[in-house]
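Presented below is the structure to which this report refers.
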Amino acid sequence: MKKLSIIAVAFAAMTFAACGGNKSAQQAEQTDSVKSFEQTQIEAKVKMELDSLASELGKLKQLPIVQESENGIKLTDEEKQVKPDYLLSPSAAENAATLAEKYRVLSALSVDKRIAALYDMPVDEYKAAISKLVADINDPSFKVMENDDDIYETGQELYDEMEKNGRINSFWMLVSASLIEEIYVMTQNTEKFITVFDDDSAANVTYRIALLGDAVKRLAEYDTDFVPVGEALDALSPLNAISVDQLKAQLADTKDKIAEARAKLVK
């Protein structure tokens with residue numbers, strides 16, 4: 001098993017971000033002829049920055065609270081004694097009205113369901129909420145998922161299907177919401193997560209997050225559904241560390257802003 005990244009360690013979600021395959025701007029334009037050349041270029045940049053971020057995350061050290069097993073990853077018994085109280089309630093699904101909101105809440109709940117499962121917390125309500133959102137969204141791309149709640153196991157397949165079905169912007173919506181949720185979780189556990197970084201990785205990861213955030217925010221010029229996403233990603237802009245100590249301080253300084261951004265994104 002390869003080293004587990006900061007995201008994969010906590011929620012086994014890295015395959016969602018690390019969707020392989022390079023789609024050119026020309027291919028994207030052929031998928032949706034209505035798109036401008038500039039938009040397809042931006043989408044290609046989002047894909048490139050996402051892959052770059054996934055690559056950097058994959059280089060991080062393993063968290064000491066995580067153990068590898070034949071069935072994947074698990075938390076240490078000591079870590080599981082204190083359950084997280086910061087997870088999004090499954091009832092958040094009831095408040096999602098628009099299609100964009102449903103995609104975002106679906107992604108956030110999927111992340112938090114993974115965390116709850118790692119802590120041996122009940123997940124039936126999460127599964128029910130996720131299934132309802134999947135049904136409400138009614139995206140034909142979701143047919144590649146064996147179960148409604150395995151969205152993070154179908155990264156490449158889901159990417160391909162959503163591009164083919166003209167839903168690629170919704171894929172970026174899913175990814176952006178999961179990124180915000182994951183960074184939010186990180187700020188709730190800074191002392192634990194900071195141990196996976198050295199000075200180089202702190203600089204490289206925050207730099208890639210900034211590039212991805214800028215690329216995703218540019219999509220708002222073509223799709224107004226991305227305006228709330230862009231606003232949420234602004235909360236991550238202060239993360240530009242060049243050392244572990246600086247990253248730790250920046251996470252502490254931005255903790256409240258990231259929590260507010262997360263709340264607005266999944267309201």
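Quick note on naming: the chains in the structure tokens go A, B, ... in the order shown, residues restart at 1 in each chain, and ligands are numbered from 1 in order of appearance.
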> What's the 10 Å shell around stretch 213-218 of chain A, counting only C-alpha atoms, without same-chain residues fewer than 4 positions away, as number ranges by chain?
Replying inline: A: 39, 42-50, 169, 172-173, 175-176, 179, 207-209, 222-223, 226-237
> Can you list, as a PyMOL selection string, every protein, DNA or RNA residue that comes within 12 Å of A:Ser110 when you count only C-alpha atoms, leaving out same-chain residues fewer than 3 positions away?
Replying inline: chain A and resi 11-13+16+87-90+92-93+102-107+113-117+123+125-131+133-134+147-153+174-175+177-179+181-182
>> At a cut-off of 6 Å, using only C-alpha atoms, what residues contact stretch 244-247 of chain A? Leave out same-chain residues fewer than 6 positions from it and give the result as a PyMOL selection string.
In response: chain A and resi 198-199+202
Could you turn the residues from that selection into a file that holds N, CA and C atoms, as a PDB file, in the first residue's frame?
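The resulting file, out.pdb, is reproduced below:
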```pdb
ATOM      1  N   ASP A 198       6.671  18.352   6.304  1.00  0.00           N
ATOM      2  CA  ASP A 198       7.953  18.989   6.564  1.00  0.00           C
ATOM      3  C   ASP A 198       7.894  20.348   5.878  1.00  0.00           C
ATOM      4  N   ASP A 199       8.968  21.114   5.957  1.00  0.00           N
ATOM      5  CA  ASP A 199       8.917  22.474   5.413  1.00  0.00           C
ATOM      6  C   ASP A 199       8.624  22.477   3.908  1.00  0.00           C
ATOM      7  N   ALA A 202       4.933  21.539   3.253  1.00  0.00           N
ATOM      8  CA  ALA A 202       4.054  22.636   3.661  1.00  0.00           C
ATOM      9  C   ALA A 202       3.987  23.698   2.575  1.00  0.00           C
TER      10      ALA A 202
END
```
>> Taking only stretch 29-265 of chain A into account, list the residues labelled strand (DSSP E) by DSSP (computed from the backbone), as a list in words.
In response: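 Strand (DSSP E) assignments inside stretch 29-265 of chain A correspond to Val66, Gln67, Glu68, Ser69, Gly72, Ile73, Lys74 and Leu75 of chain A.
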Could you write out that same residue set with all heavy atoms as a PDB file, in the first residue's frame?
```pdb
ATOM      1  N   VAL A  66      -3.095   6.535  12.428  1.00  0.00           N
ATOM      2  CA  VAL A  66      -3.645   5.644  11.416  1.00  0.00           C
ATOM      3  C   VAL A  66      -2.832   4.363  11.328  1.00  0.00           C
ATOM      4  O   VAL A  66      -1.600   4.381  11.420  1.00  0.00           O
ATOM      5  CB  VAL A  66      -3.679   6.350  10.049  1.00  0.00           C
ATOM      6  CG1 VAL A  66      -4.008   5.376   8.926  1.00  0.00           C
ATOM      7  CG2 VAL A  66      -4.689   7.478  10.068  1.00  0.00           C
ATOM      8  N   GLN A  67      -3.519   3.265  11.162  1.00  0.00           N
ATOM      9  CA  GLN A  67      -2.881   1.978  10.961  1.00  0.00           C
ATOM     10  C   GLN A  67      -3.362   1.373   9.649  1.00  0.00           C
ATOM     11  O   GLN A  67      -4.503   1.581   9.251  1.00  0.00           O
ATOM     12  CB  GLN A  67      -3.215   1.027  12.120  1.00  0.00           C
ATOM     13  CG  GLN A  67      -2.745   1.513  13.479  1.00  0.00           C
ATOM     14  CD  GLN A  67      -3.228   0.612  14.611  1.00  0.00           C
ATOM     15  OE1 GLN A  67      -4.247  -0.064  14.483  1.00  0.00           O
ATOM     16  NE2 GLN A  67      -2.489   0.605  15.707  1.00  0.00           N
ATOM     17  N   GLU A  68      -2.507   0.626   8.994  1.00  0.00           N
ATOM     18  CA  GLU A  68      -2.884  -0.065   7.767  1.00  0.00           C
ATOM     19  C   GLU A  68      -3.310  -1.490   8.113  1.00  0.00           C
ATOM     20  O   GLU A  68      -2.753  -2.126   8.997  1.00  0.00           O
ATOM     21  CB  GLU A  68      -1.706  -0.098   6.798  1.00  0.00           C
ATOM     22  CG  GLU A  68      -1.253   1.287   6.353  1.00  0.00           C
ATOM     23  CD  GLU A  68      -0.067   1.220   5.412  1.00  0.00           C
ATOM     24  OE1 GLU A  68       0.308   0.094   5.044  1.00  0.00           O
ATOM     25  OE2 GLU A  68       0.474   2.279   5.063  1.00  0.00           O
ATOM     26  N   SER A  69      -4.320  -1.961   7.427  1.00  0.00           N
ATOM     27  CA  SER A  69      -4.815  -3.312   7.657  1.00  0.00           C
ATOM     28  C   SER A  69      -5.172  -3.947   6.321  1.00  0.00           C
ATOM     29  O   SER A  69      -5.120  -3.294   5.274  1.00  0.00           O
ATOM     30  CB  SER A  69      -6.040  -3.294   8.576  1.00  0.00           C
ATOM     31  OG  SER A  69      -7.151  -2.713   7.913  1.00  0.00           O
ATOM     32  N   GLY A  72      -7.819  -2.032   4.455  1.00  0.00           N
ATOM     33  CA  GLY A  72      -7.609  -0.615   4.210  1.00  0.00           C
ATOM     34  C   GLY A  72      -6.985   0.071   5.405  1.00  0.00           C
ATOM     35  O   GLY A  72      -6.061  -0.465   6.027  1.00  0.00           O
ATOM     36  N   ILE A  73      -7.498   1.231   5.742  1.00  0.00           N
ATOM     37  CA  ILE A  73      -6.939   1.975   6.866  1.00  0.00           C
ATOM     38  C   ILE A  73      -7.914   1.973   8.031  1.00  0.00           C
ATOM     39  O   ILE A  73      -9.124   1.822   7.859  1.00  0.00           O
ATOM     40  CB  ILE A  73      -6.615   3.430   6.465  1.00  0.00           C
ATOM     41  CG1 ILE A  73      -7.898   4.179   6.070  1.00  0.00           C
ATOM     42  CG2 ILE A  73      -5.591   3.467   5.356  1.00  0.00           C
ATOM     43  CD1 ILE A  73      -7.682   5.659   5.852  1.00  0.00           C
ATOM     44  N   LYS A  74      -7.363   2.147   9.231  1.00  0.00           N
ATOM     45  CA  LYS A  74      -8.180   2.263  10.427  1.00  0.00           C
ATOM     46  C   LYS A  74      -7.466   3.159  11.417  1.00  0.00           C
ATOM     47  O   LYS A  74      -6.242   3.361  11.323  1.00  0.00           O
ATOM     48  CB  LYS A  74      -8.445   0.893  11.042  1.00  0.00           C
ATOM     49  CG  LYS A  74      -7.200   0.195  11.580  1.00  0.00           C
ATOM     50  CD  LYS A  74      -7.570  -1.132  12.224  1.00  0.00           C
ATOM     51  CE  LYS A  74      -6.344  -1.807  12.844  1.00  0.00           C
ATOM     52  NZ  LYS A  74      -6.705  -3.069  13.534  1.00  0.00           N
ATOM     53  N   LEU A  75      -8.225   3.720  12.327  1.00  0.00           N
ATOM     54  CA  LEU A  75      -7.644   4.565  13.361  1.00  0.00           C
ATOM     55  C   LEU A  75      -7.202   3.705  14.539  1.00  0.00           C
ATOM     56  O   LEU A  75      -7.720   2.608  14.754  1.00  0.00           O
ATOM     57  CB  LEU A  75      -8.676   5.598  13.828  1.00  0.00           C
ATOM     58  CG  LEU A  75      -9.191   6.572  12.772  1.00  0.00           C
ATOM     59  CD1 LEU A  75     -10.206   7.523  13.383  1.00  0.00           C
ATOM     60  CD2 LEU A  75      -8.049   7.359  12.132  1.00  0.00           C
TER      61      LEU A  75
END
```
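Closest approach to A:Ala210 from the set A:Thr190, A:Leu53, A:Lys143, A:Asp120 is made by A:Leu53, with distances taken over only C-alpha atoms.
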> as a PyMOL selection string, which residues of stretch 47-216 of chain A does DSSP assign to helix (DSSP H, G or I)?
Replying inline: chain A and resi 47-57+79-81+90-95+99-118+124-137+140-144+151-153+155-164+168-188+190-196+199-216
> If you measure from atom CA of A:Leu239 to atom CA of A:Asp112, what distance in Å do you get, rounded to one decimal?
Replying inline: 22.7 Å
> atom CA of A:Val196 and atom CA of A:Ser243 are how many Å apart?
Replying inline: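 The value is 12.5 Å.
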>> Quick check, in Å to one decimal: how far apart do atom CA of A:Leu158 and atom CA of A:Ser141 lie?
In response: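 Answer for the atom CA of A:Leu158 to atom CA of A:Ser141 separation: 6.4 Å.
You can rank A:Leu211, A:Thr40, A:Asp136, A:Met145 by their closest distance to A:Glu163 using only C-alpha atoms, and at the top of that list sits A:Thr40.
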>> Show me, as a count of residues only, the residues that have an atom within 12 Å of A:Thr187 when counting only C-alpha atoms, minus same-chain residues fewer than 6 positions from it.
In response: 21
